[in-house]
Structure formats: structure tokens, C-alpha cells
>>> print(open('run12.txt').read())   # compact mmCIF, C-alpha atoms
# COMPACT_ATOMS: atom_id res chain seq x y z
CA MET A 1 -33.15 51.53 -67.96
CA GLU A 2 -33.13 47.84 -66.95
CA THR A 3 -30.74 48.63 -64.10
CA PHE A 4 -32.82 51.53 -62.82
CA LEU A 5 -36.06 49.56 -62.87
CA GLY A 6 -34.43 46.50 -61.32
CA ILE A 7 -32.98 48.51 -58.45
CA LEU A 8 -36.48 49.75 -57.60
CA ILE A 9 -37.88 46.22 -57.11
CA PRO A 10 -36.62 45.70 -53.50
CA PHE A 11 -37.92 49.14 -52.50
CA LEU A 12 -41.28 48.27 -54.04
CA GLY A 13 -41.36 45.12 -51.90
CA THR A 14 -40.78 47.12 -48.71
CA THR A 15 -43.42 49.65 -49.73
CA LEU A 16 -46.03 46.99 -50.50
CA GLY A 17 -45.32 45.30 -47.18
CA ALA A 18 -45.71 48.57 -45.30
CA ALA A 19 -48.98 49.24 -47.17
CA CYS A 20 -50.53 46.22 -45.42
CA VAL A 21 -50.82 48.43 -42.35
CA PHE A 22 -53.93 49.93 -43.96
CA PHE A 23 -55.66 46.54 -43.76
CA MET A 24 -54.22 45.01 -40.57
CA LYS A 25 -54.94 46.14 -37.03
CA LYS A 26 -52.78 43.82 -34.94
CA SER A 27 -49.14 42.86 -34.99
CA LEU A 28 -48.15 39.48 -36.37
CA GLY A 29 -48.03 36.49 -34.04
CA ASP A 30 -44.68 35.04 -32.97
CA LEU A 31 -45.05 31.96 -35.17
CA VAL A 32 -45.79 34.06 -38.24
CA GLN A 33 -42.89 36.42 -37.51
CA ARG A 34 -40.47 33.51 -37.11
CA SER A 35 -41.72 31.89 -40.31
CA LEU A 36 -41.31 35.12 -42.27
CA ALA A 37 -37.86 35.70 -40.75
CA GLY A 38 -36.89 32.19 -41.76
CA PHE A 39 -38.04 32.65 -45.35
CA ALA A 40 -36.22 35.97 -45.65
CA ALA A 41 -33.06 34.44 -44.17
CA GLY A 42 -33.17 31.56 -46.65
CA VAL A 43 -33.57 33.92 -49.60
CA MET A 44 -30.67 36.10 -48.43
CA VAL A 45 -28.31 33.16 -47.86
CA ALA A 46 -29.07 31.72 -51.30
CA ALA A 47 -28.68 35.14 -52.92
CA SER A 48 -25.35 35.64 -51.15
CA ILE A 49 -23.99 32.31 -52.38
CA TRP A 50 -25.48 31.81 -55.84
CA SER A 51 -25.88 35.40 -57.02
CA LEU A 52 -22.85 37.02 -55.38
CA LEU A 53 -20.07 34.77 -54.08
CA ILE A 54 -19.99 32.21 -56.91
CA PRO A 55 -20.13 34.89 -59.64
CA ALA A 56 -17.40 36.82 -57.78
CA ILE A 57 -15.11 33.78 -57.88
CA GLU A 58 -15.94 33.18 -61.55
CA GLN A 59 -15.06 36.80 -62.31
CA SER A 60 -11.58 36.19 -60.84
CA GLU A 61 -10.78 33.04 -62.83
CA GLY A 62 -7.74 34.75 -64.31
CA MET A 63 -6.02 34.49 -60.92
CA GLY A 64 -5.91 30.70 -61.17
CA ARG A 65 -5.79 28.95 -57.82
CA LEU A 66 -6.14 32.30 -56.06
CA SER A 67 -9.45 33.10 -57.76
CA PHE A 68 -11.16 32.77 -54.39
CA LEU A 69 -9.05 35.55 -52.82
CA PRO A 70 -11.07 38.66 -53.86
CA ALA A 71 -14.27 36.92 -52.73
CA LEU A 72 -12.71 35.90 -49.41
CA ILE A 73 -11.38 39.37 -48.65
CA GLY A 74 -14.55 41.12 -49.77
CA PHE A 75 -16.69 38.76 -47.72
CA TRP A 76 -14.86 39.50 -44.49
CA VAL A 77 -14.78 43.23 -45.14
CA GLY A 78 -18.57 43.09 -45.54
CA VAL A 79 -19.00 41.21 -42.27
CA LEU A 80 -16.76 43.63 -40.37
CA PHE A 81 -18.47 46.63 -41.97
CA LEU A 82 -21.88 45.57 -40.65
CA LEU A 83 -20.41 44.84 -37.22
CA MET A 84 -18.91 48.33 -37.18
CA LEU A 85 -22.22 49.96 -38.12
CA ASP A 86 -23.97 48.03 -35.36
CA ARG A 87 -21.44 49.47 -32.91
CA LEU A 88 -21.46 53.05 -34.17
CA ILE A 89 -25.13 53.73 -34.95
CA PRO A 90 -27.85 53.60 -32.28
CA HIS A 91 -30.71 51.36 -33.37
CA LEU A 92 -33.52 49.17 -32.10
CA HIS A 93 -34.53 45.95 -33.82
CA VAL A 94 -38.20 45.27 -34.42
CA GLY A 95 -39.61 43.12 -31.63
CA SER A 96 -36.78 43.98 -29.22
CA ASP A 97 -36.74 46.24 -26.18
CA GLN A 98 -32.95 46.44 -25.99
CA THR A 99 -31.28 49.23 -27.96
CA GLU A 100 -27.91 48.59 -29.60
CA GLY A 101 -24.99 50.82 -30.44
CA PRO A 102 -23.97 53.95 -28.48
CA LYS A 103 -26.33 55.59 -26.04
CA SER A 104 -28.62 58.07 -27.72
CA LYS A 105 -31.57 60.35 -27.07
CA LEU A 106 -33.19 59.32 -30.33
CA GLY A 107 -36.77 58.09 -30.05
CA ARG A 108 -37.76 54.44 -30.46
CA THR A 109 -39.38 55.18 -33.80
CA THR A 110 -36.20 56.66 -35.25
CA MET A 111 -34.02 53.86 -33.93
CA MET A 112 -36.33 51.15 -35.32
CA VAL A 113 -36.20 52.74 -38.76
CA LEU A 114 -32.40 53.02 -38.47
CA ALA A 115 -32.10 49.31 -37.65
CA VAL A 116 -33.90 48.21 -40.81
CA THR A 117 -32.23 50.91 -42.89
CA LEU A 118 -28.75 49.70 -41.91
CA HIS A 119 -29.48 46.20 -43.10
CA ASN A 120 -31.08 47.37 -46.34
CA ILE A 121 -27.85 49.02 -47.48
CA PRO A 122 -26.04 45.80 -48.54
CA GLU A 123 -29.23 44.46 -50.13
CA GLY A 124 -29.51 47.53 -52.34
CA MET A 125 -25.83 47.34 -53.22
CA ALA A 126 -26.14 43.66 -54.10
CA VAL A 127 -28.92 44.33 -56.60
CA GLY A 128 -27.03 47.25 -58.13
CA LEU A 129 -23.89 45.13 -58.57
CA ALA A 130 -25.87 42.24 -60.04
CA PHE A 131 -27.24 44.52 -62.75
CA ALA A 132 -23.77 46.01 -63.29
CA LEU A 133 -22.43 42.49 -63.85
CA ALA A 134 -25.32 41.71 -66.18
CA GLY A 135 -24.44 44.81 -68.17
CA VAL A 136 -20.94 43.40 -68.72
CA GLU A 137 -21.76 39.74 -69.33
CA GLY A 138 -25.43 39.86 -70.29
CA GLY A 139 -28.10 37.78 -68.60
CA PHE A 140 -30.33 40.37 -66.97
CA ALA A 141 -32.68 37.56 -65.92
CA GLY A 142 -30.28 36.51 -63.16
CA ALA A 143 -30.07 40.06 -61.81
CA ALA A 144 -33.85 40.34 -61.98
CA VAL A 145 -34.19 37.13 -59.96
CA LEU A 146 -31.95 38.55 -57.24
CA ALA A 147 -33.93 41.80 -57.19
CA LEU A 148 -37.21 39.89 -57.05
CA GLY A 149 -35.96 37.58 -54.30
CA ILE A 150 -34.88 40.48 -52.12
CA GLY A 151 -38.10 42.31 -52.95
CA VAL A 152 -40.18 39.34 -51.79
CA GLN A 153 -38.28 39.04 -48.51
CA ASN A 154 -38.74 42.81 -48.03
CA LEU A 155 -42.54 42.41 -47.96
CA PRO A 156 -42.68 41.12 -44.38
CA GLU A 157 -39.87 43.48 -43.41
CA GLY A 158 -41.86 46.54 -44.43
CA LEU A 159 -44.88 45.22 -42.58
CA ALA A 160 -42.80 44.41 -39.49
CA VAL A 161 -41.64 48.03 -39.35
CA ALA A 162 -45.03 49.64 -39.97
CA LEU A 163 -47.23 47.50 -37.69
CA PRO A 164 -45.54 48.30 -34.35
CA PHE A 165 -45.96 52.00 -35.06
CA ARG A 166 -49.65 51.49 -35.79
CA ALA A 167 -50.06 49.33 -32.67
CA GLY A 168 -48.49 52.15 -30.65
CA GLY A 169 -51.21 54.59 -31.73
CA MET A 170 -49.57 56.18 -34.78
CA SER A 171 -51.80 56.94 -37.75
CA ARG A 172 -51.92 54.44 -40.62
CA GLY A 173 -50.50 56.97 -43.05
CA ARG A 174 -47.49 57.81 -40.93
CA SER A 175 -46.89 54.16 -40.05
CA PHE A 176 -46.89 53.33 -43.76
CA ALA A 177 -44.53 56.21 -44.56
CA LEU A 178 -42.00 55.11 -41.95
CA GLY A 179 -42.19 51.51 -43.10
CA ALA A 180 -41.59 52.51 -46.71
CA LEU A 181 -38.87 54.96 -45.69
CA SER A 182 -36.83 52.13 -44.17
CA GLY A 183 -36.37 50.71 -47.68
CA ALA A 184 -35.56 54.00 -49.41
CA VAL A 185 -31.81 53.47 -49.02
CA GLU A 186 -31.91 50.40 -51.28
CA PRO A 187 -32.37 52.15 -54.64
CA VAL A 188 -29.94 54.89 -53.56
CA PHE A 189 -27.12 52.50 -52.63
CA GLY A 190 -28.03 50.21 -55.50
CA MET A 191 -27.46 52.98 -58.03
CA LEU A 192 -24.26 54.12 -56.28
CA ALA A 193 -22.92 50.55 -56.35
CA ALA A 194 -23.81 50.14 -60.04
CA LEU A 195 -22.05 53.39 -60.91
CA ALA A 196 -18.98 52.45 -58.86
CA ALA A 197 -18.82 49.04 -60.53
CA GLY A 198 -18.98 50.71 -63.93
CA MET A 199 -15.96 52.86 -63.08
CA MET A 200 -13.98 50.10 -61.34
CA GLN A 201 -14.85 46.84 -63.06
CA GLY A 202 -11.74 45.17 -61.67
CA ALA A 203 -13.12 45.63 -58.15
CA LEU A 204 -16.49 44.06 -58.98
CA PRO A 205 -15.70 40.59 -57.49
CA GLY A 206 -14.64 42.10 -54.17
CA MET A 207 -17.66 44.40 -54.09
CA MET A 208 -20.06 41.52 -54.73
CA ALA A 209 -18.45 39.47 -51.97
CA PHE A 210 -18.64 42.51 -49.67
CA CYS A 211 -22.42 42.58 -50.10
CA ALA A 212 -22.61 38.83 -49.51
CA GLY A 213 -20.66 39.12 -46.26
CA ALA A 214 -22.79 41.99 -45.01
CA MET A 215 -26.00 40.13 -45.82
CA MET A 216 -24.73 36.93 -44.16
CA GLN A 217 -23.89 38.92 -41.03
CA VAL A 218 -27.48 40.15 -40.84
CA VAL A 219 -28.88 36.66 -41.40
CA PHE A 220 -26.86 34.76 -38.83
CA ALA A 221 -26.77 37.48 -36.19
CA GLU A 222 -30.47 38.33 -36.21
CA MET A 223 -32.79 36.51 -38.60
CA ALA A 224 -31.71 32.87 -38.32
CA PRO A 225 -31.72 32.86 -34.47
CA GLN A 226 -35.29 34.16 -34.52
CA ALA A 227 -36.36 31.60 -37.12
CA ALA A 228 -34.68 28.75 -35.22
CA LYS A 229 -37.06 29.21 -32.28
CA SER A 230 -39.67 27.16 -34.14
CA ARG A 231 -39.72 24.30 -36.64
CA ALA A 232 -41.87 26.43 -38.91
CA GLY A 233 -39.12 29.04 -39.01
CA LEU A 234 -36.50 26.46 -39.93
CA PHE A 235 -38.77 24.98 -42.59
CA THR A 236 -39.43 28.37 -44.21
CA LEU A 237 -35.69 29.14 -44.05
CA MET A 238 -34.92 26.04 -46.09
CA THR A 239 -37.87 26.79 -48.38
CA GLY A 240 -36.61 30.30 -49.04
CA TYR A 241 -33.11 29.02 -49.75
CA ALA A 242 -34.31 26.29 -52.11
CA LEU A 243 -36.64 28.64 -53.98
CA MET A 244 -34.00 31.33 -54.49
CA MET A 245 -31.38 28.77 -55.51
CA ALA A 246 -33.74 27.17 -58.04
CA LEU A 247 -34.68 30.52 -59.55
CA ASP A 248 -31.06 31.61 -59.81
CA LEU A 249 -29.97 28.39 -61.50
CA ALA A 250 -32.98 28.26 -63.80
CA LEU A 251 -32.95 31.88 -64.91
CA GLY A 252 -29.45 33.14 -64.07
>>> encode(input="run12.txt", output="C-alpha cells")
Amino acid sequence: METFLGILIPFLGTTLGAACVFFMKKSLGDLVQRSLAGFAAGVMVAASIWSLLIPAIEQSEGMGRLSFLPALIGFWVGVLFLLMLDRLIPHLHVGSDQTEGPKSKLGRTTMMVLAVTLHNIPEGMAVGLAFALAGVEGGFAGAAVLALGIGVQNLPEGLAVALPFRAGGMSRGRSFALGALSGAVEPVFGMLAALAAGMMQGALPGMMAFCAGAMMQVVFAEMAPQAAKSRAGLFTLMTGYALMMALDLALG
């Protein structure tokens, strides 16, 4: 039950963020968007390091000096997996006019939802694996911190998806639904990852590192460059990292 409820937290964050479309009429200013992107990037980097990579290495302590190997391999597989998805699936990032991936006749709305959906997959998997690890070693507080951290950074993400649709003339209800829909893959992939980890516990370190690599790819390819365009974005990036690190160490 703890795992199921924990996996829902990131999706709840996306849904609450999208719900703000009922109260807001205009899109967020550039400074606000960069600040939110910076905070989300900081949370994701800290989660990747403290909640995924370090535990993955600790799980492989029996390998001695090679205990880093499963984490290293998993990390790079995660990076390459996200790069492959970016190449194979047509999508359009929020705030961009340039589509990515193969040419497609899909509408802008569909491709914007696809862009956010792609990047929510490793986040959902990360939470599912964190709860799977907690089920083996105990310490559900650490998994809950990861879920809460990703849920908080999903708040602006859900809003960033819903607002452009509303600004383009779409109804508030449909804009909210599409914003929330972009986060629906997180509980699905979170549960799949938790089930897979339960059946293949020996692969857990590599799977955790895979999620870390995929999340890092998203951060440094898209979120950090946007945040770096302003000092406020860089400040919130460091704030997000420090906050997530402190929570993980205090409660993990």
C-alpha cells in the first residue's frame, strides 16, 4: 500500500499544477519559467545522485572495487535511452516552436503532451524503484522524500503544459485534462518498475542508475540551459538541489 500511494505523489503534483489553469489567465513570464525550471532541475539532479546513484553503488558493495560498475553502466544506458526516444518520437517542448524527432502530422497539442510524457517516464520509474528498495531494506521515508521532491517539481511542469493550451483558446477543462494527462505515465511506469525490481532484485542497482541517467539527460539537455539564462534560474537550481539533498540525508 505504501508503494502504491507513494507512486501516486508525482502524478498528484502534475495534476495540481495543471489545475492552476482554472485560476490563471496568462502564461508565466520568462523569469518565472526560468526560476521554476531551475528549481526542478536542482531537485532532479539531487534525486539522481542521493536517492539513486549512491544507493545503487551501496547495493553493489559485494563487488568490491567494482561496486561502481552497475551504476556506471545503468547510468549510460539511461542517457542513451532518452536520446533514442528524442530521436524516434516526434515532440514539441513547451515554449519552443521547433519540433524534434521524425517529421510527423501530429498536432502541436499532441506533440507538447508527448514531450512532457517522455520525460516523466524515468521519474515514475525512479519513484517505483525507490519504494522497491525501501521494501527490501526498510526506510520508506527516503522513498517518500524522493516522491515528494519529484511531485513538487511536477507542479510547475503541469502548469507549463496546461497554460499554453488555455492561452491558445482551449477550454479550461480540456487544458487541465491535457496537463494532468502528461503525468499519467508516472504511476504506470512506477508500478511496472517496482514489480520488475521485485522479480529481479539483482538488477536493482542498474535500474536505479538507469533512471538517474535518464533524468540527468533531461536536466542538462533542456532544463539547466533554460535556467542558466538568468541568475534567478541558477539560484533556484542550487536551492532545489540543496533542499532535496538535505531532505534525503535527514529523512533517508
>>> residues_around(input="run12.txt", residues="Leu53 in chain A", least_positions_apart="3", cutoff="10 Å", atoms="all atoms listed in the file", output="short mmCIF file (atom, residue, chain, number, x, y, z; two decimals) with C-alpha atoms, in the frame of the given file")
data_model
loop_
_atom_site.label_atom_id
_atom_site.label_comp_id
_atom_site.auth_asym_id
_atom_site.auth_seq_id
_atom_site.Cartn_x
_atom_site.Cartn_y
_atom_site.Cartn_z
CA ALA A 46 -29.07 31.72 -51.30
CA ALA A 47 -28.68 35.14 -52.92
CA SER A 48 -25.35 35.64 -51.15
CA ILE A 49 -23.99 32.31 -52.38
CA TRP A 50 -25.48 31.81 -55.84
CA ALA A 56 -17.40 36.82 -57.78
CA ILE A 57 -15.11 33.78 -57.88
CA GLU A 58 -15.94 33.18 -61.55
CA GLN A 59 -15.06 36.80 -62.31
CA PHE A 68 -11.16 32.77 -54.39
CA PRO A 70 -11.07 38.66 -53.86
CA ALA A 71 -14.27 36.92 -52.73
CA LEU A 72 -12.71 35.90 -49.41
CA GLY A 74 -14.55 41.12 -49.77
CA PHE A 75 -16.69 38.76 -47.72
CA PRO A 205 -15.70 40.59 -57.49
CA GLY A 206 -14.64 42.10 -54.17
CA MET A 207 -17.66 44.40 -54.09
CA MET A 208 -20.06 41.52 -54.73
CA ALA A 209 -18.45 39.47 -51.97
CA PHE A 210 -18.64 42.51 -49.67
CA CYS A 211 -22.42 42.58 -50.10
CA ALA A 212 -22.61 38.83 -49.51
CA GLY A 213 -20.66 39.12 -46.26
#
>>> atom_distance(input="run12.txt", atom1="CA of Leu118 in chain A", atom2="CA of Ala246 in chain A")
28.2 Å
>>> residues_near_point(input="run12.txt", point="(-24.0, 39.6, -39.2)", cutoff="10 Å", atoms="all atoms listed in the file", output="PyMOL selection string")
chain A and resi 78-83+86+119+213-223
>>> residues_around(input="run12.txt", residues="Gly198 in chain A", least_positions_apart="2", cutoff="12 Å", atoms="all atoms listed in the file", output="list in words")
Thr3, Gly128, Leu129, Ala130, Phe131, Ala132, Leu133, Ala134, Gly135, Val136, Met191, Leu192, Ala193, Ala194, Leu195, Ala196, Met200, Gln201, Gly202, Ala203, Leu204 and Met207 of chain A
>>> residues_near_point(input="run12.txt", point="(-42.8, 46.2, -45.8)", cutoff="10 Å", atoms="all atoms listed in the file", output="PDB file with C-alpha atoms, in the frame of the given file")
ATOM      1  CA  PRO A  10     -36.620  45.700 -53.500  1.00  0.00           C
ATOM      2  CA  PHE A  11     -37.920  49.140 -52.500  1.00  0.00           C
ATOM      3  CA  LEU A  12     -41.280  48.270 -54.040  1.00  0.00           C
ATOM      4  CA  GLY A  13     -41.360  45.120 -51.900  1.00  0.00           C
ATOM      5  CA  THR A  14     -40.780  47.120 -48.710  1.00  0.00           C
ATOM      6  CA  THR A  15     -43.420  49.650 -49.730  1.00  0.00           C
ATOM      7  CA  LEU A  16     -46.030  46.990 -50.500  1.00  0.00           C
ATOM      8  CA  GLY A  17     -45.320  45.300 -47.180  1.00  0.00           C
ATOM      9  CA  ALA A  18     -45.710  48.570 -45.300  1.00  0.00           C
ATOM     10  CA  ALA A  19     -48.980  49.240 -47.170  1.00  0.00           C
ATOM     11  CA  CYS A  20     -50.530  46.220 -45.420  1.00  0.00           C
ATOM     12  CA  VAL A  21     -50.820  48.430 -42.350  1.00  0.00           C
ATOM     13  CA  GLY A 151     -38.100  42.310 -52.950  1.00  0.00           C
ATOM     14  CA  VAL A 152     -40.180  39.340 -51.790  1.00  0.00           C
ATOM     15  CA  GLN A 153     -38.280  39.040 -48.510  1.00  0.00           C
ATOM     16  CA  ASN A 154     -38.740  42.810 -48.030  1.00  0.00           C
ATOM     17  CA  LEU A 155     -42.540  42.410 -47.960  1.00  0.00           C
ATOM     18  CA  PRO A 156     -42.680  41.120 -44.380  1.00  0.00           C
ATOM     19  CA  GLU A 157     -39.870  43.480 -43.410  1.00  0.00           C
ATOM     20  CA  GLY A 158     -41.860  46.540 -44.430  1.00  0.00           C
ATOM     21  CA  LEU A 159     -44.880  45.220 -42.580  1.00  0.00           C
ATOM     22  CA  ALA A 160     -42.800  44.410 -39.490  1.00  0.00           C
ATOM     23  CA  VAL A 161     -41.640  48.030 -39.350  1.00  0.00           C
ATOM     24  CA  ALA A 162     -45.030  49.640 -39.970  1.00  0.00           C
ATOM     25  CA  LEU A 163     -47.230  47.500 -37.690  1.00  0.00           C
ATOM     26  CA  PHE A 176     -46.890  53.330 -43.760  1.00  0.00           C
ATOM     27  CA  LEU A 178     -42.000  55.110 -41.950  1.00  0.00           C
ATOM     28  CA  GLY A 179     -42.190  51.510 -43.100  1.00  0.00           C
ATOM     29  CA  ALA A 180     -41.590  52.510 -46.710  1.00  0.00           C
ATOM     30  CA  LEU A 181     -38.870  54.960 -45.690  1.00  0.00           C
ATOM     31  CA  SER A 182     -36.830  52.130 -44.170  1.00  0.00           C
ATOM     32  CA  GLY A 183     -36.370  50.710 -47.680  1.00  0.00           C
TER      33      GLY A 183
END
>>> closest_residue(input="run12.txt", among="A:Gly149, A:Gly233, A:Gly124, A:Pro164", to="Val45 in chain A", atoms="all atoms listed in the file")
A:Gly149
>>> atom_distance(input="run12.txt", atom1="CA of Ala177 in chain A", atom2="CA of Thr109 in chain A")
12.0 Å
>>> closest_residue(input="run12.txt", among="A:Thr99, A:Leu249, A:Met44, A:Val113", to="Ala126 in chain A", atoms="only C-alpha atoms")
A:Met44
>>> atom_distance(input="run12.txt", atom1="CA of Ala141 in chain A", atom2="CA of Glu2 in chain A")
10.3 Å
>>> residues_around(input="run12.txt", residues="range 87-92 of chain A", least_positions_apart="3", cutoff="10 Å", atoms="all atoms listed in the file", output="ChimeraX atom specification")
/A:81-84,95-118
>>> residues_around(input="run12.txt", residues="Leu31 in chain A", least_positions_apart="4", cutoff="9 Å", atoms="all atoms listed in the file", output="JSON, numbers by chain")
{"A": [35, 36, 227, 229, 230, 232, 233]}
>>> closest_residue(input="run12.txt", among="A:Gly173, A:Ile150, A:Ala242, A:Ala228", to="Ala40 in chain A", atoms="only C-alpha atoms")
A:Ile150
>>> closest_residue(input="run12.txt", among="A:Met170, A:Ala147, A:Leu69, A:Val32", to="Ile9 in chain A", atoms="only C-alpha atoms")
A:Ala147
>>> closest_residue(input="run12.txt", among="A:Met24, A:Gln33, A:Leu5, A:Trp76", to="Ser175 in chain A", atoms="all atoms listed in the file")
A:Met24
>>> closest_residue(input="run12.txt", among="A:Gly38, A:Gly142, A:Gly190, A:Gly62", to="Met238 in chain A", atoms="all atoms listed in the file")
A:Gly38
>>> decode(input="run12.txt", residues="range 12-23 of chain A", atoms="N, CA, C and O atoms", output="PDB file, in the first residue's frame")
ATOM      1  N   LEU A  12       0.113  13.379  -8.665  1.00  0.00           N
ATOM      2  CA  LEU A  12      -0.693  14.380  -7.959  1.00  0.00           C
ATOM      3  C   LEU A  12      -0.083  15.768  -8.135  1.00  0.00           C
ATOM      4  O   LEU A  12      -0.814  16.755  -8.316  1.00  0.00           O
ATOM      5  N   GLY A  13       1.251  15.855  -8.104  1.00  0.00           N
ATOM      6  CA  GLY A  13       1.907  17.143  -8.311  1.00  0.00           C
ATOM      7  C   GLY A  13       1.604  17.722  -9.681  1.00  0.00           C
ATOM      8  O   GLY A  13       1.288  18.914  -9.817  1.00  0.00           O
ATOM      9  N   THR A  14       1.693  16.883 -10.721  1.00  0.00           N
ATOM     10  CA  THR A  14       1.374  17.334 -12.079  1.00  0.00           C
ATOM     11  C   THR A  14      -0.075  17.783 -12.176  1.00  0.00           C
ATOM     12  O   THR A  14      -0.390  18.813 -12.789  1.00  0.00           O
ATOM     13  N   THR A  15      -0.965  17.023 -11.565  1.00  0.00           N
ATOM     14  CA  THR A  15      -2.398  17.338 -11.619  1.00  0.00           C
ATOM     15  C   THR A  15      -2.708  18.655 -10.915  1.00  0.00           C
ATOM     16  O   THR A  15      -3.481  19.481 -11.423  1.00  0.00           O
ATOM     17  N   LEU A  16      -2.106  18.872  -9.745  1.00  0.00           N
ATOM     18  CA  LEU A  16      -2.328  20.122  -9.019  1.00  0.00           C
ATOM     19  C   LEU A  16      -1.782  21.314  -9.802  1.00  0.00           C
ATOM     20  O   LEU A  16      -2.386  22.382  -9.833  1.00  0.00           O
ATOM     21  N   GLY A  17      -0.625  21.110 -10.441  1.00  0.00           N
ATOM     22  CA  GLY A  17      -0.065  22.183 -11.254  1.00  0.00           C
ATOM     23  C   GLY A  17      -0.971  22.526 -12.420  1.00  0.00           C
ATOM     24  O   GLY A  17      -1.228  23.706 -12.711  1.00  0.00           O
ATOM     25  N   ALA A  18      -1.489  21.499 -13.093  1.00  0.00           N
ATOM     26  CA  ALA A  18      -2.393  21.734 -14.220  1.00  0.00           C
ATOM     27  C   ALA A  18      -3.681  22.400 -13.767  1.00  0.00           C
ATOM     28  O   ALA A  18      -4.280  23.186 -14.509  1.00  0.00           O
ATOM     29  N   ALA A  19      -4.113  22.125 -12.525  1.00  0.00           N
ATOM     30  CA  ALA A  19      -5.363  22.702 -12.012  1.00  0.00           C
ATOM     31  C   ALA A  19      -5.279  24.215 -11.859  1.00  0.00           C
ATOM     32  O   ALA A  19      -6.307  24.900 -11.819  1.00  0.00           O
ATOM     33  N   CYS A  20      -4.062  24.748 -11.801  1.00  0.00           N
ATOM     34  CA  CYS A  20      -3.898  26.207 -11.681  1.00  0.00           C
ATOM     35  C   CYS A  20      -4.429  26.942 -12.903  1.00  0.00           C
ATOM     36  O   CYS A  20      -4.644  28.162 -12.853  1.00  0.00           O
ATOM     37  N   VAL A  21      -4.666  26.201 -13.990  1.00  0.00           N
ATOM     38  CA  VAL A  21      -5.190  26.838 -15.198  1.00  0.00           C
ATOM     39  C   VAL A  21      -6.595  27.389 -14.958  1.00  0.00           C
ATOM     40  O   VAL A  21      -7.060  28.289 -15.678  1.00  0.00           O
ATOM     41  N   PHE A  22      -7.279  26.893 -13.935  1.00  0.00           N
ATOM     42  CA  PHE A  22      -8.619  27.393 -13.626  1.00  0.00           C
ATOM     43  C   PHE A  22      -8.575  28.772 -12.975  1.00  0.00           C
ATOM     44  O   PHE A  22      -9.583  29.477 -12.926  1.00  0.00           O
ATOM     45  N   PHE A  23      -7.380  29.163 -12.474  1.00  0.00           N
ATOM     46  CA  PHE A  23      -7.258  30.435 -11.771  1.00  0.00           C
ATOM     47  C   PHE A  23      -6.362  31.436 -12.500  1.00  0.00           C
ATOM     48  O   PHE A  23      -6.353  32.614 -12.161  1.00  0.00           O
TER      49      PHE A  23
END
